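S.K.: Got a structure here, written out as structure tokens. Questions coming.
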There are 2 protein chains.
Amino acid sequence: MKEVGIGILGAGNVGRGLIEILKRDGESIAERTGLRLRVAAVFDRSYKKKEVALRGIPSGDHAEVVLDHPDVSIVVELLGGLMPSEQFIRSALSKGRSVVTANKALLASPVGPELCKLAFENNVNLGFEAAVAGAIPIIRSLRLHHLAGQVRSIHGILNGTCNFIITRMEDDGLDYAEALKLAQDKGFAEADPAFDVGGQDAAQKLRILAGLAFDAYFPESSIRVEGIESIRPVDLKIARRMGWVIRLLGVARRTTDSFLLRVHPAMIHANHILASVKEERNAIFLDSSSTGPALLVGQGAGSHPTATAVLSDIIELAGAEQVGPGLFQKNVTKISPEFEYRYYVRIQTQDQPGVLAEIARVFASHKISIASFHQEEGPEPVQLVIVTHAAPELAMADAVAQINRLPVVMLPSVMIRIENL
Amino acid sequence: MKEVGIGILGAGNVGRGLIEILKRDGESIAERTGLRLRVAAVFDRSYKKKEVALRGIPSGDHAEVVLDHPDVSIVVELLGGLMPSEQFIRSALSKGRSVVTANKALLASPVGPELCKLAFENNVNLGFEAAVAGAIPIIRSLRLHHLAGQVRSIHGILNGTCNFIITRMEDDGLDYAEALKLAQDKGFAEADPAFDVGGQDAAQKLRILAGLAFDAYFPESSIRVEGIESIRPVDLKIARRMGWVIRLLGVARRTTDSFLLRVHPAMIHANHILASVKEERNAIFLDSSSTGPALLVGQGAGSHPTATAVLSDIIELAGAEQVGPGLFQKNVTKISPEFEYRYYVRIQTQDQPGVLAEIARVFASHKISIASFHQEEGPEPVQLVIVTHAAPELAMADAVAQINRLPVVMLPSVMIRIENL
């Protein structure tokens with residue numbers, strides 16, 4: 001088993017989330033990936049206050065505790081901001097350590113391309129899956145899954161705060177200020193929300209995605225940005241009447257001879273799949289010449305979703321086997337032989353009195369309770385539709401087999417489980 | 001630049017798609033990944049008939065042309081079926097070559113765990129991103145992105161043929177037989193569709209996904225399978241009335257002390273995001289304790305989507321840098337300064353005659369044509385909503401600024417682009 005030493009810069013929410021995950025899931029990660037990950041050192045300015053989380057890990061308030069530690073082969077930068085993160089990452093890369101970062105501001109800045117170059121020249125790696133849309137594996141998808149052909153366009157819901165505010169106005173009729181306040185109370189929005197609601201956060205993320213998709217660096221001047229500050233519930237109400245919903249979209253598009261980058265609120269068709277993306281979730285809808293349209297949806301932020309993305313980079317950088325020692329090796333002994341479902345049952349009968357009573361009797365004798373009943377108008381066979389309360393699969397199969405044998409039943413019944421998603 | 005020799009077993013649609021992609025996009029792939037991929041040898045029983053696609057590549061009708069070729073470090077198995085694929089993969093792994101395969105039948109069979117073990121013991125890799133849901137990076141997501149915590153459930157639309165048939169019944173009212181015929185005409189369904197419409201294809205895929213998510217091998221006996229053969233348009237019609245849609249779902253769920261695997265048609269709420277997955281697309285909705293719910297949607301089959309997934313495995317197995325030599329290095333010179341959109345504009349005016357005429361005049365003077373116009377009932381300010389035809393961004397900004405300066409306009413106007421997705 002390969003041992004990998006990890007150094008963490010910044011023990012904030014995400015850093016502590018990562019330490020927690022490695023402590024709790026280290027064994028199963030080793031079994032799946034063939035890698036034993038060990039936190040070798042942590043730098044945090046207030047490391048003393050974080051004693052509980054950092055217990056047993058060499059920690060300090062100088063970055064050297066990580067950058068100069070001989071066992072650290074992967075440095076995880078979770079400080080955010082431009083400086084001193086830039087300096088620490090440069091130092092780590094120059095010393096031949098790979099770096100994982102969640103720092104979108106730095107990557108979107110002109111320093112981003114320089115750090116990539118530095119990593120390549122030093123024959124080490126720079127992973128940044130966590131920099132855009134936490135739990136959504138969009139960076140890896142663009143890097144590995146969209147190498148063939150051309151990405152034609154990206155439409156992203158890239159800011160969870162904005163999407164949460166819009167959802168509250170849309171579904172609960174809250175006013176903008178109330179929705180923003182609620183987002184702040186829930187910890188989705190900062191005390192100063194301007195960077196989120198003004199679209200700047202989404203713009204940084206979009207520039208990174210466009211850079212990967214279109215294979216270039218997009219500076220801040222390349223993008224036009226508008227926020228959601230002027231949207232009111234009345235706009236969402238009118239939009240709905242016209243068959244639209246409003247979302248803050250980041251759009252990157254390849255045109256015939258140019259590129260288009262925009263972040264702005266947009267009306268989209270209510271039946272488009274992006275319209276189903278609600279609450280604080282992020283989504284990326286991508287159209288590529290070789291795969292066609294694809295969509296990824298998930299949590300964009302939060303300690304564990306982001307730490308999960310950081311972990312995925314660590315695993316990849318550490319050179320995990322595709323096939324760890326445990327893959328598919330355990331036998332499953334506990335399989336549920338049956339489960340309870342609510343059912344939709346369509347029964348096709350002759351048009352004569354007493355049919356429903358007969359059918360109801362069969363369900364009752366199997367202890368299956370009927371939730372609702374409908375009869376379709378039309379010629380024989382009469383279509384009786386019964387929706388049941390939760391019932392065991394075997395009892396249900398038995399009841400329907402018995403119903404199918406009734407003389408009044410003309411054709412086999414159709415039975416479909418109702419899945420509560 | 002690292003050179004990587006690839007050997008391909010089977011020059012069918014996917015194999016030829018892969019050769020095409022490598023020929024066309026080899027340069028850009030090298031720039032992004034730091035890898036130069038070269039097809040070193042191809043095995044195909046009728047290689048002589050495929051001369052055009054295979055020109056310049058050593059080819060033959062015996063697998064040894066690939067398996068014994070000294071330059072082949074990654075073997076790509078695209079033959080499908082159990083034998084002789086199993087034998088070829090065993091041979092390649094034993095000889096220290098990594099293998100990429102799209103063979104879901106083999107992986108879901110009891111041979112799957114044996115091949116994984118063999119790869120691990122030989123210190124080589126086995127990639128199978130293409131085995132489930134072609135263009136959707138679900139294998140990599142489960143392997144790298146869901147290592148933390150536990151996957152609680154997977155709900156997948158895993159068979160494109162079934163989803164296409166259901167969509168045609170749902171949206172166009174086609175009967176089952178007509179929809180199936182159309183799927184066959186379009187090449188989505190086999191002449192013998194039983195494996196697809198009976199749910200067996202989805203079941204193989206689900207067993208592979210469950211194996212990765214729950215870290216075990218799920219044999220065929222662990223899953224209950226029902227197909228879509230008995231569903232009729234009337235069921236979709238009644239479902240819609242009740243607020244549901246029908247999808248063929250593969251469901252894998254962790255219960256308190258056991259696992260549940262099912263493939264069956266299911267009623268799901270019409271406003272659930274999976275209900276928006278139509279046509280031949282695949283989707284995987286996954287709930288995990290560390291990332292929360294996530295969704296991935298895309299093409300499940302087809303030559304290029306599948307070849308793209310194969311390529312992503314090759315790149316990963318070959319040990320691509322996260323950061324290739326070209327990442328973010330090019331400067332973008334062509335940025336569209338403006339673009340045409342249709343706009344929604346809400347203008348807030350005093351309640352007096354002639355207002356609309358004034359506003360219409362401003363739009364006309366900017367050559368912006370009005371598509372529709374609505375006025376909301378209510379107290380002052382009156383809410384006038386105008387939807388425009390496509391108009392340039394700058395002209396639009398100018399027109400709205402001018403409208404905002406009209407004495408009758410009481411509050412700044414709200415303007416939202418309409419995005420045609």
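Letters A, B, ... mark the chains of the structure tokens in the order given; residue numbers begin at 1 per chain; ligand numbers begin at 1, in order shown.
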Which residues come within 9 Å of Leu384 (chain B), counting only C-alpha atoms, excluding same-chain residues fewer than 5 positions away, as a short mmCIF file (atom, residue, chain, number, x, y, z; two decimals) with C-alpha atoms, in the first residue's frame?

M.R.:
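Just written: part_7.cif:
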data_model
loop_
_atom_site.label_atom_id
_atom_site.label_comp_id
_atom_site.auth_asym_id
_atom_site.auth_seq_id
_atom_site.Cartn_x
_atom_site.Cartn_y
_atom_site.Cartn_z
CA VAL B 345 -38.13 44.44 -19.88
CA ARG B 346 -40.29 45.53 -16.95
CA ILE B 347 -40.87 49.29 -16.93
CA GLN B 348 -42.44 51.05 -13.94
CA THR B 349 -44.45 54.08 -14.93
CA LEU B 356 -46.83 53.14 -24.08
CA PHE B 373 -46.54 43.62 -24.44
CA HIS B 374 -48.31 43.04 -21.10
CA GLN B 375 -49.56 45.34 -18.40
CA GLU B 376 -49.98 44.07 -14.85
#

S.K.: Would you give me, as a Markdown table, each residue of region 305-416 of chain B having an atom within 12 Å of an atom of region 13-26 of chain B, along with its shortest atom pair and that distance in Å to one decimal, using only C-alpha atoms and sorting by chain and residue number?

M.R.:
| residue | atom | partner | partner_atom | distance |
| --- | --- | --- | --- | --- |
| B:Pro305 | CA | B:Val14 | CA | 8.7 |
| B:Thr306 | CA | B:Val14 | CA | 6.4 |
| B:Ala307 | CA | B:Leu18 | CA | 5.1 |
| B:Thr308 | CA | B:Leu18 | CA | 7.4 |
| B:Ala309 | CA | B:Leu18 | CA | 9.7 |
| B:Val310 | CA | B:Leu18 | CA | 7.8 |
| B:Leu311 | CA | B:Leu18 | CA | 7.3 |
| B:Ser312 | CA | B:Leu18 | CA | 10.9 |
| B:Ile314 | CA | B:Leu18 | CA | 10.8 |
| B:Ile315 | CA | B:Leu22 | CA | 11.6 |

S.K.: Just want the 12 Å neighbourhood of Leu180 (chain B), counted on only C-alpha atoms, with same-chain residues fewer than 6 positions away dropped. Output as a list in words.

M.R.: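 What passes the distance filter is Gly160, Thr161, Cys162, Asn163, Phe164, Ile165, Ile166, Thr167, Arg168, Met169, Leu174, Lys186, Gly187, Phe188, Ala189, Glu190, Ala191, Asp192, Pro193, Ala194, Asp196, Val197, Ile228, Glu229, Ile231 and Arg232 of chain B.
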
S.K.: List the spatial neighbours of Pro110 (chain A) as a list in words - criterion: any atom at most 10 Å away, only C-alpha atoms, same-chain residues fewer than 5 positions off excluded.

M.R.: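 Contacts, with the query itself left out: Ala105, Leu115, Tyr217, Phe218, Pro219 and Glu220 of chain A; Phe328 of chain B.
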
S.K.: May I have the selected residues written with C-alpha atoms, as a short mmCIF file (atom, residue, chain, number, x, y, z; two decimals), in the first residue's frame?

M.R.:
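File produced: part.cif:
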data_model
loop_
_atom_site.label_atom_id
_atom_site.label_comp_id
_atom_site.auth_asym_id
_atom_site.auth_seq_id
_atom_site.Cartn_x
_atom_site.Cartn_y
_atom_site.Cartn_z
CA ALA A 105 -9.97 33.81 -7.23
CA LEU A 115 0.93 28.50 -11.64
CA TYR A 217 -7.05 32.05 -20.51
CA PHE A 218 -10.04 34.38 -20.20
CA PRO A 219 -9.17 37.59 -18.33
CA GLU A 220 -11.68 39.56 -16.30
CA PHE B 328 -4.70 28.32 -19.67
#

S.K.: Do you have, as JSON lines, the list of residues of chain B lying at most 6 Å from chain A, each with its nearest atom pair and that distance in Å to one decimal, counting only C-alpha atoms and ordered by chain then number?

M.R.:
{"residue": "B:Pro113", "atom": "CA", "partner": "A:Phe328", "partner_atom": "CA", "distance": 5.2}
{"residue": "B:Asn125", "atom": "CA", "partner": "A:Gln322", "partner_atom": "CA", "distance": 5.7}
{"residue": "B:Ala135", "atom": "CA", "partner": "A:Thr291", "partner_atom": "CA", "distance": 5.9}
{"residue": "B:Leu144", "atom": "CA", "partner": "A:Ser312", "partner_atom": "CA", "distance": 4.8}
{"residue": "B:His145", "atom": "CA", "partner": "A:Ser312", "partner_atom": "CA", "distance": 5.2}
{"residue": "B:Gly211", "atom": "CA", "partner": "A:Phe328", "partner_atom": "CA", "distance": 5.8}
{"residue": "B:Ala216", "atom": "CA", "partner": "A:Lys330", "partner_atom": "CA", "distance": 4.5}
{"residue": "B:Tyr217", "atom": "CA", "partner": "A:Phe328", "partner_atom": "CA", "distance": 4.5}
{"residue": "B:Ser258", "atom": "CA", "partner": "A:Lys334", "partner_atom": "CA", "distance": 4.8}
{"residue": "B:Phe259", "atom": "CA", "partner": "A:Ile335", "partner_atom": "CA", "distance": 4.9}
{"residue": "B:Leu260", "atom": "CA", "partner": "A:Ser336", "partner_atom": "CA", "distance": 5.2}
{"residue": "B:Pro265", "atom": "CA", "partner": "A:Ile416", "partner_atom": "CA", "distance": 6.0}
{"residue": "B:Ala266", "atom": "CA", "partner": "A:Arg417", "partner_atom": "CA", "distance": 4.9}
{"residue": "B:Met267", "atom": "CA", "partner": "A:Ile418", "partner_atom": "CA", "distance": 4.6}
{"residue": "B:Ile268", "atom": "CA", "partner": "A:Glu419", "partner_atom": "CA", "distance": 5.6}
{"residue": "B:Ile273", "atom": "CA", "partner": "A:Ser276", "partner_atom": "CA", "distance": 5.5}
{"residue": "B:Ser276", "atom": "CA", "partner": "A:Ile273", "partner_atom": "CA", "distance": 5.5}
{"residue": "B:Ser290", "atom": "CA", "partner": "A:His304", "partner_atom": "CA", "distance": 5.5}
{"residue": "B:Thr291", "atom": "CA", "partner": "A:Pro305", "partner_atom": "CA", "distance": 4.5}
{"residue": "B:Ala294", "atom": "CA", "partner": "A:Gly298", "partner_atom": "CA", "distance": 4.3}
{"residue": "B:Leu295", "atom": "CA", "partner": "A:Val297", "partner_atom": "CA", "distance": 4.9}
{"residue": "B:Leu296", "atom": "CA", "partner": "A:Leu296", "partner_atom": "CA", "distance": 4.6}
{"residue": "B:Val297", "atom": "CA", "partner": "A:Leu295", "partner_atom": "CA", "distance": 4.9}
{"residue": "B:Gly298", "atom": "CA", "partner": "A:Ala294", "partner_atom": "CA", "distance": 4.3}
{"residue": "B:His304", "atom": "CA", "partner": "A:Ser290", "partner_atom": "CA", "distance": 5.5}
{"residue": "B:Pro305", "atom": "CA", "partner": "A:Thr291", "partner_atom": "CA", "distance": 4.5}
{"residue": "B:Ser312", "atom": "CA", "partner": "A:Leu144", "partner_atom": "CA", "distance": 4.8}
{"residue": "B:Gln322", "atom": "CA", "partner": "A:Asn125", "partner_atom": "CA", "distance": 5.6}
{"residue": "B:Phe328", "atom": "CA", "partner": "A:Tyr217", "partner_atom": "CA", "distance": 4.5}
{"residue": "B:Gln329", "atom": "CA", "partner": "A:Pro113", "partner_atom": "CA", "distance": 5.8}
{"residue": "B:Lys330", "atom": "CA", "partner": "A:Ala216", "partner_atom": "CA", "distance": 4.5}
{"residue": "B:Asn331", "atom": "CA", "partner": "A:Tyr217", "partner_atom": "CA", "distance": 5.5}
{"residue": "B:Lys334", "atom": "CA", "partner": "A:Ser258", "partner_atom": "CA", "distance": 4.8}
{"residue": "B:Ile335", "atom": "CA", "partner": "A:Phe259", "partner_atom": "CA", "distance": 4.9}
{"residue": "B:Ser336", "atom": "CA", "partner": "A:Leu260", "partner_atom": "CA", "distance": 5.2}
{"residue": "B:Ile416", "atom": "CA", "partner": "A:Ala266", "partner_atom": "CA", "distance": 5.6}
{"residue": "B:Arg417", "atom": "CA", "partner": "A:Ala266", "partner_atom": "CA", "distance": 4.9}
{"residue": "B:Ile418", "atom": "CA", "partner": "A:Met267", "partner_atom": "CA", "distance": 4.6}
{"residue": "B:Glu419", "atom": "CA", "partner": "A:Ile268", "partner_atom": "CA", "distance": 5.6}

S.K.: Write the residues of the preceding selection, restricted to N, CA and C atoms, as an mmCIF file, in the first residue's frame.

M.R.:
data_model
loop_
_atom_site.group_PDB
_atom_site.id
_atom_site.type_symbol
_atom_site.label_atom_id
_atom_site.label_comp_id
_atom_site.auth_asym_id
_atom_site.auth_seq_id
_atom_site.Cartn_x
_atom_site.Cartn_y
_atom_site.Cartn_z
ATOM 1 N N PRO B 113 -15.160 -9.357 -10.890
ATOM 2 C CA PRO B 113 -14.283 -9.263 -9.716
ATOM 3 C C PRO B 113 -12.928 -9.939 -9.938
ATOM 4 N N ASN B 125 -3.783 -1.458 -14.454
ATOM 5 C CA ASN B 125 -5.100 -0.877 -14.238
ATOM 6 C C ASN B 125 -6.157 -1.458 -15.160
ATOM 7 N N ALA B 135 -21.377 8.822 -22.168
ATOM 8 C CA ALA B 135 -20.823 10.167 -22.005
ATOM 9 C C ALA B 135 -20.908 10.688 -20.574
ATOM 10 N N LEU B 144 -13.776 8.423 -7.573
ATOM 11 C CA LEU B 144 -12.955 9.505 -7.030
ATOM 12 C C LEU B 144 -13.742 10.511 -6.208
ATOM 13 N N HIS B 145 -15.006 10.720 -6.568
ATOM 14 C CA HIS B 145 -15.730 11.825 -5.950
ATOM 15 C C HIS B 145 -16.609 11.362 -4.797
ATOM 16 N N GLY B 211 -22.029 -1.913 -7.243
ATOM 17 C CA GLY B 211 -20.762 -2.481 -6.788
ATOM 18 C C GLY B 211 -19.766 -1.403 -6.403
ATOM 19 N N ALA B 216 -18.861 -3.724 -3.215
ATOM 20 C CA ALA B 216 -19.117 -5.167 -3.133
ATOM 21 C C ALA B 216 -19.477 -5.660 -4.522
ATOM 22 N N TYR B 217 -19.604 -6.974 -4.674
ATOM 23 C CA TYR B 217 -20.056 -7.519 -5.946
ATOM 24 C C TYR B 217 -21.511 -7.941 -5.829
ATOM 25 N N SER B 258 -29.222 -3.668 4.978
ATOM 26 C CA SER B 258 -29.275 -4.491 3.779
ATOM 27 C C SER B 258 -29.184 -3.619 2.529
ATOM 28 N N PHE B 259 -29.206 -4.228 1.361
ATOM 29 C CA PHE B 259 -29.206 -3.480 0.110
ATOM 30 C C PHE B 259 -30.423 -3.866 -0.711
ATOM 31 N N LEU B 260 -30.881 -2.894 -1.490
ATOM 32 C CA LEU B 260 -32.045 -3.140 -2.343
ATOM 33 C C LEU B 260 -31.639 -2.791 -3.769
ATOM 34 N N PRO B 265 -40.269 -0.120 -14.159
ATOM 35 C CA PRO B 265 -40.890 1.167 -14.465
ATOM 36 C C PRO B 265 -41.366 1.777 -13.162
ATOM 37 N N ALA B 266 -41.293 3.092 -13.041
ATOM 38 C CA ALA B 266 -41.724 3.741 -11.805
ATOM 39 C C ALA B 266 -42.434 5.038 -12.132
ATOM 40 N N MET B 267 -43.435 5.350 -11.309
ATOM 41 C CA MET B 267 -44.070 6.663 -11.347
ATOM 42 C C MET B 267 -43.198 7.591 -10.512
ATOM 43 N N ILE B 268 -42.803 8.720 -11.085
ATOM 44 C CA ILE B 268 -42.094 9.720 -10.282
ATOM 45 C C ILE B 268 -42.785 11.071 -10.452
ATOM 46 N N ILE B 273 -36.442 16.374 -10.970
ATOM 47 C CA ILE B 273 -35.531 16.664 -12.079
ATOM 48 C C ILE B 273 -35.378 15.458 -13.018
ATOM 49 N N SER B 276 -37.454 15.410 -16.179
ATOM 50 C CA SER B 276 -37.024 16.213 -17.328
ATOM 51 C C SER B 276 -36.079 15.457 -18.252
ATOM 52 N N SER B 290 -21.982 12.601 2.076
ATOM 53 C CA SER B 290 -21.090 13.764 2.144
ATOM 54 C C SER B 290 -21.354 14.825 1.086
ATOM 55 N N THR B 291 -21.951 14.467 -0.029
ATOM 56 C CA THR B 291 -22.183 15.508 -1.033
ATOM 57 C C THR B 291 -23.650 15.873 -1.183
ATOM 58 N N ALA B 294 -26.962 14.521 -6.123
ATOM 59 C CA ALA B 294 -26.259 14.962 -7.330
ATOM 60 C C ALA B 294 -26.886 14.269 -8.524
ATOM 61 N N LEU B 295 -26.818 14.923 -9.661
ATOM 62 C CA LEU B 295 -27.411 14.352 -10.867
ATOM 63 C C LEU B 295 -26.448 14.493 -12.030
ATOM 64 N N LEU B 296 -26.345 13.448 -12.838
ATOM 65 C CA LEU B 296 -25.565 13.513 -14.068
ATOM 66 C C LEU B 296 -26.436 13.030 -15.216
ATOM 67 N N VAL B 297 -26.461 13.798 -16.301
ATOM 68 C CA VAL B 297 -27.297 13.459 -17.449
ATOM 69 C C VAL B 297 -26.475 13.546 -18.723
ATOM 70 N N GLY B 298 -26.698 12.632 -19.660
ATOM 71 C CA GLY B 298 -26.005 12.727 -20.940
ATOM 72 C C GLY B 298 -26.347 11.569 -21.852
ATOM 73 N N HIS B 304 -19.315 8.110 -30.783
ATOM 74 C CA HIS B 304 -18.424 9.115 -30.213
ATOM 75 C C HIS B 304 -18.582 9.321 -28.701
ATOM 76 N N PRO B 305 -19.827 9.364 -28.172
ATOM 77 C CA PRO B 305 -19.927 9.442 -26.707
ATOM 78 C C PRO B 305 -19.188 8.283 -26.014
ATOM 79 N N SER B 312 -11.154 8.897 -22.077
ATOM 80 C CA SER B 312 -10.908 9.457 -20.738
ATOM 81 C C SER B 312 -10.179 8.443 -19.860
ATOM 82 N N GLN B 322 -2.394 16.581 -14.433
ATOM 83 C CA GLN B 322 -3.624 17.361 -14.251
ATOM 84 C C GLN B 322 -3.540 18.581 -15.154
ATOM 85 N N PHE B 328 -4.550 26.879 -19.945
ATOM 86 C CA PHE B 328 -4.695 28.323 -19.674
ATOM 87 C C PHE B 328 -3.569 29.157 -20.297
ATOM 88 N N GLN B 329 -2.760 28.585 -21.199
ATOM 89 C CA GLN B 329 -1.594 29.336 -21.667
ATOM 90 C C GLN B 329 -1.904 30.266 -22.838
ATOM 91 N N LYS B 330 -2.867 29.861 -23.680
ATOM 92 C CA LYS B 330 -3.163 30.705 -24.836
ATOM 93 C C LYS B 330 -3.964 31.930 -24.418
ATOM 94 N N ASN B 331 -3.675 33.050 -25.066
ATOM 95 C CA ASN B 331 -4.495 34.224 -24.815
ATOM 96 C C ASN B 331 -5.638 34.259 -25.809
ATOM 97 N N LYS B 334 -10.192 36.807 -29.506
ATOM 98 C CA LYS B 334 -11.515 37.117 -30.053
ATOM 99 C C LYS B 334 -12.606 36.930 -29.013
ATOM 100 N N ILE B 335 -13.076 38.020 -28.523
ATOM 101 C CA ILE B 335 -14.175 38.011 -27.564
ATOM 102 C C ILE B 335 -15.316 38.808 -28.182
ATOM 103 N N SER B 336 -16.511 38.243 -28.180
ATOM 104 C CA SER B 336 -17.641 38.982 -28.743
ATOM 105 C C SER B 336 -17.988 40.136 -27.821
ATOM 106 N N ILE B 416 -34.059 41.535 -18.529
ATOM 107 C CA ILE B 416 -33.542 40.170 -18.389
ATOM 108 C C ILE B 416 -33.467 39.524 -19.767
ATOM 109 N N ARG B 417 -32.310 38.974 -20.083
ATOM 110 C CA ARG B 417 -32.149 38.303 -21.367
ATOM 111 C C ARG B 417 -32.962 37.005 -21.418
ATOM 112 N N ILE B 418 -33.430 36.669 -22.606
ATOM 113 C CA ILE B 418 -34.113 35.386 -22.790
ATOM 114 C C ILE B 418 -33.120 34.451 -23.463
ATOM 115 N N GLU B 419 -32.812 33.358 -22.787
ATOM 116 C CA GLU B 419 -31.760 32.460 -23.266
ATOM 117 C C GLU B 419 -32.425 31.267 -23.932
#

S.K.: Mind giving me the straight-line distance from CA of Arg45 (chain A) to CA of Ile6 (chain A) in Å, one decimal?

M.R.: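 CA of Arg45 (chain A) sits 18.1 Å away from CA of Ile6 (chain A).
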
S.K.: Counting only C-alpha atoms, which of A:Leu182, A:Ala252, A:Val65, A:Ile359 gets nearest to Val409 (chain A)?

M.R.: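 Looking only at the distances to Val409 (chain A), the closest residue turns out to be A:Ile359.
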
S.K.: As an exercise, work out the distance from CA of Val132 (chain A) to CA of Pro84 (chain A) in Å and give it to one decimal place.

M.R.: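 Between these atoms lies a distance of 20.6 Å.
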
S.K.: Enumerate, as an NGL selection string, the complete set of residues in region 46-292 of chain B that a backbone-based DSSP assignment places in alpha helix (DSSP H).

M.R.: :B and (51-54 or 64-67 or 85-94 or 104-108 or 111-121 or 138-140 or 160-172 or 176-185 or 194-197 or 200-214 or 233-241)

S.K.: When you draw a straight line from CA of Ile386 (chain A) to CA of Ala270 (chain B), how long is it in Å?

M.R.: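 Going from CA of Ile386 (chain A) over to CA of Ala270 (chain B) covers 19.0 Å.
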
S.K.: Find the residues near Asn103 (chain A): any atom within 8 Å, counting only C-alpha atoms, skip ones fewer than 6 places away on the same chain, and give them as number ranges by chain.

M.R.: A: 77-81, 128, 130-131

S.K.: Could you give me, as a ChimeraX atom specification, the residues within 12 Å of Lys49 (chain B), counting only C-alpha atoms and dropping anything in the same chain fewer than 2 positions from it?

M.R.: /B:11-12,44-47,51-55,59-61
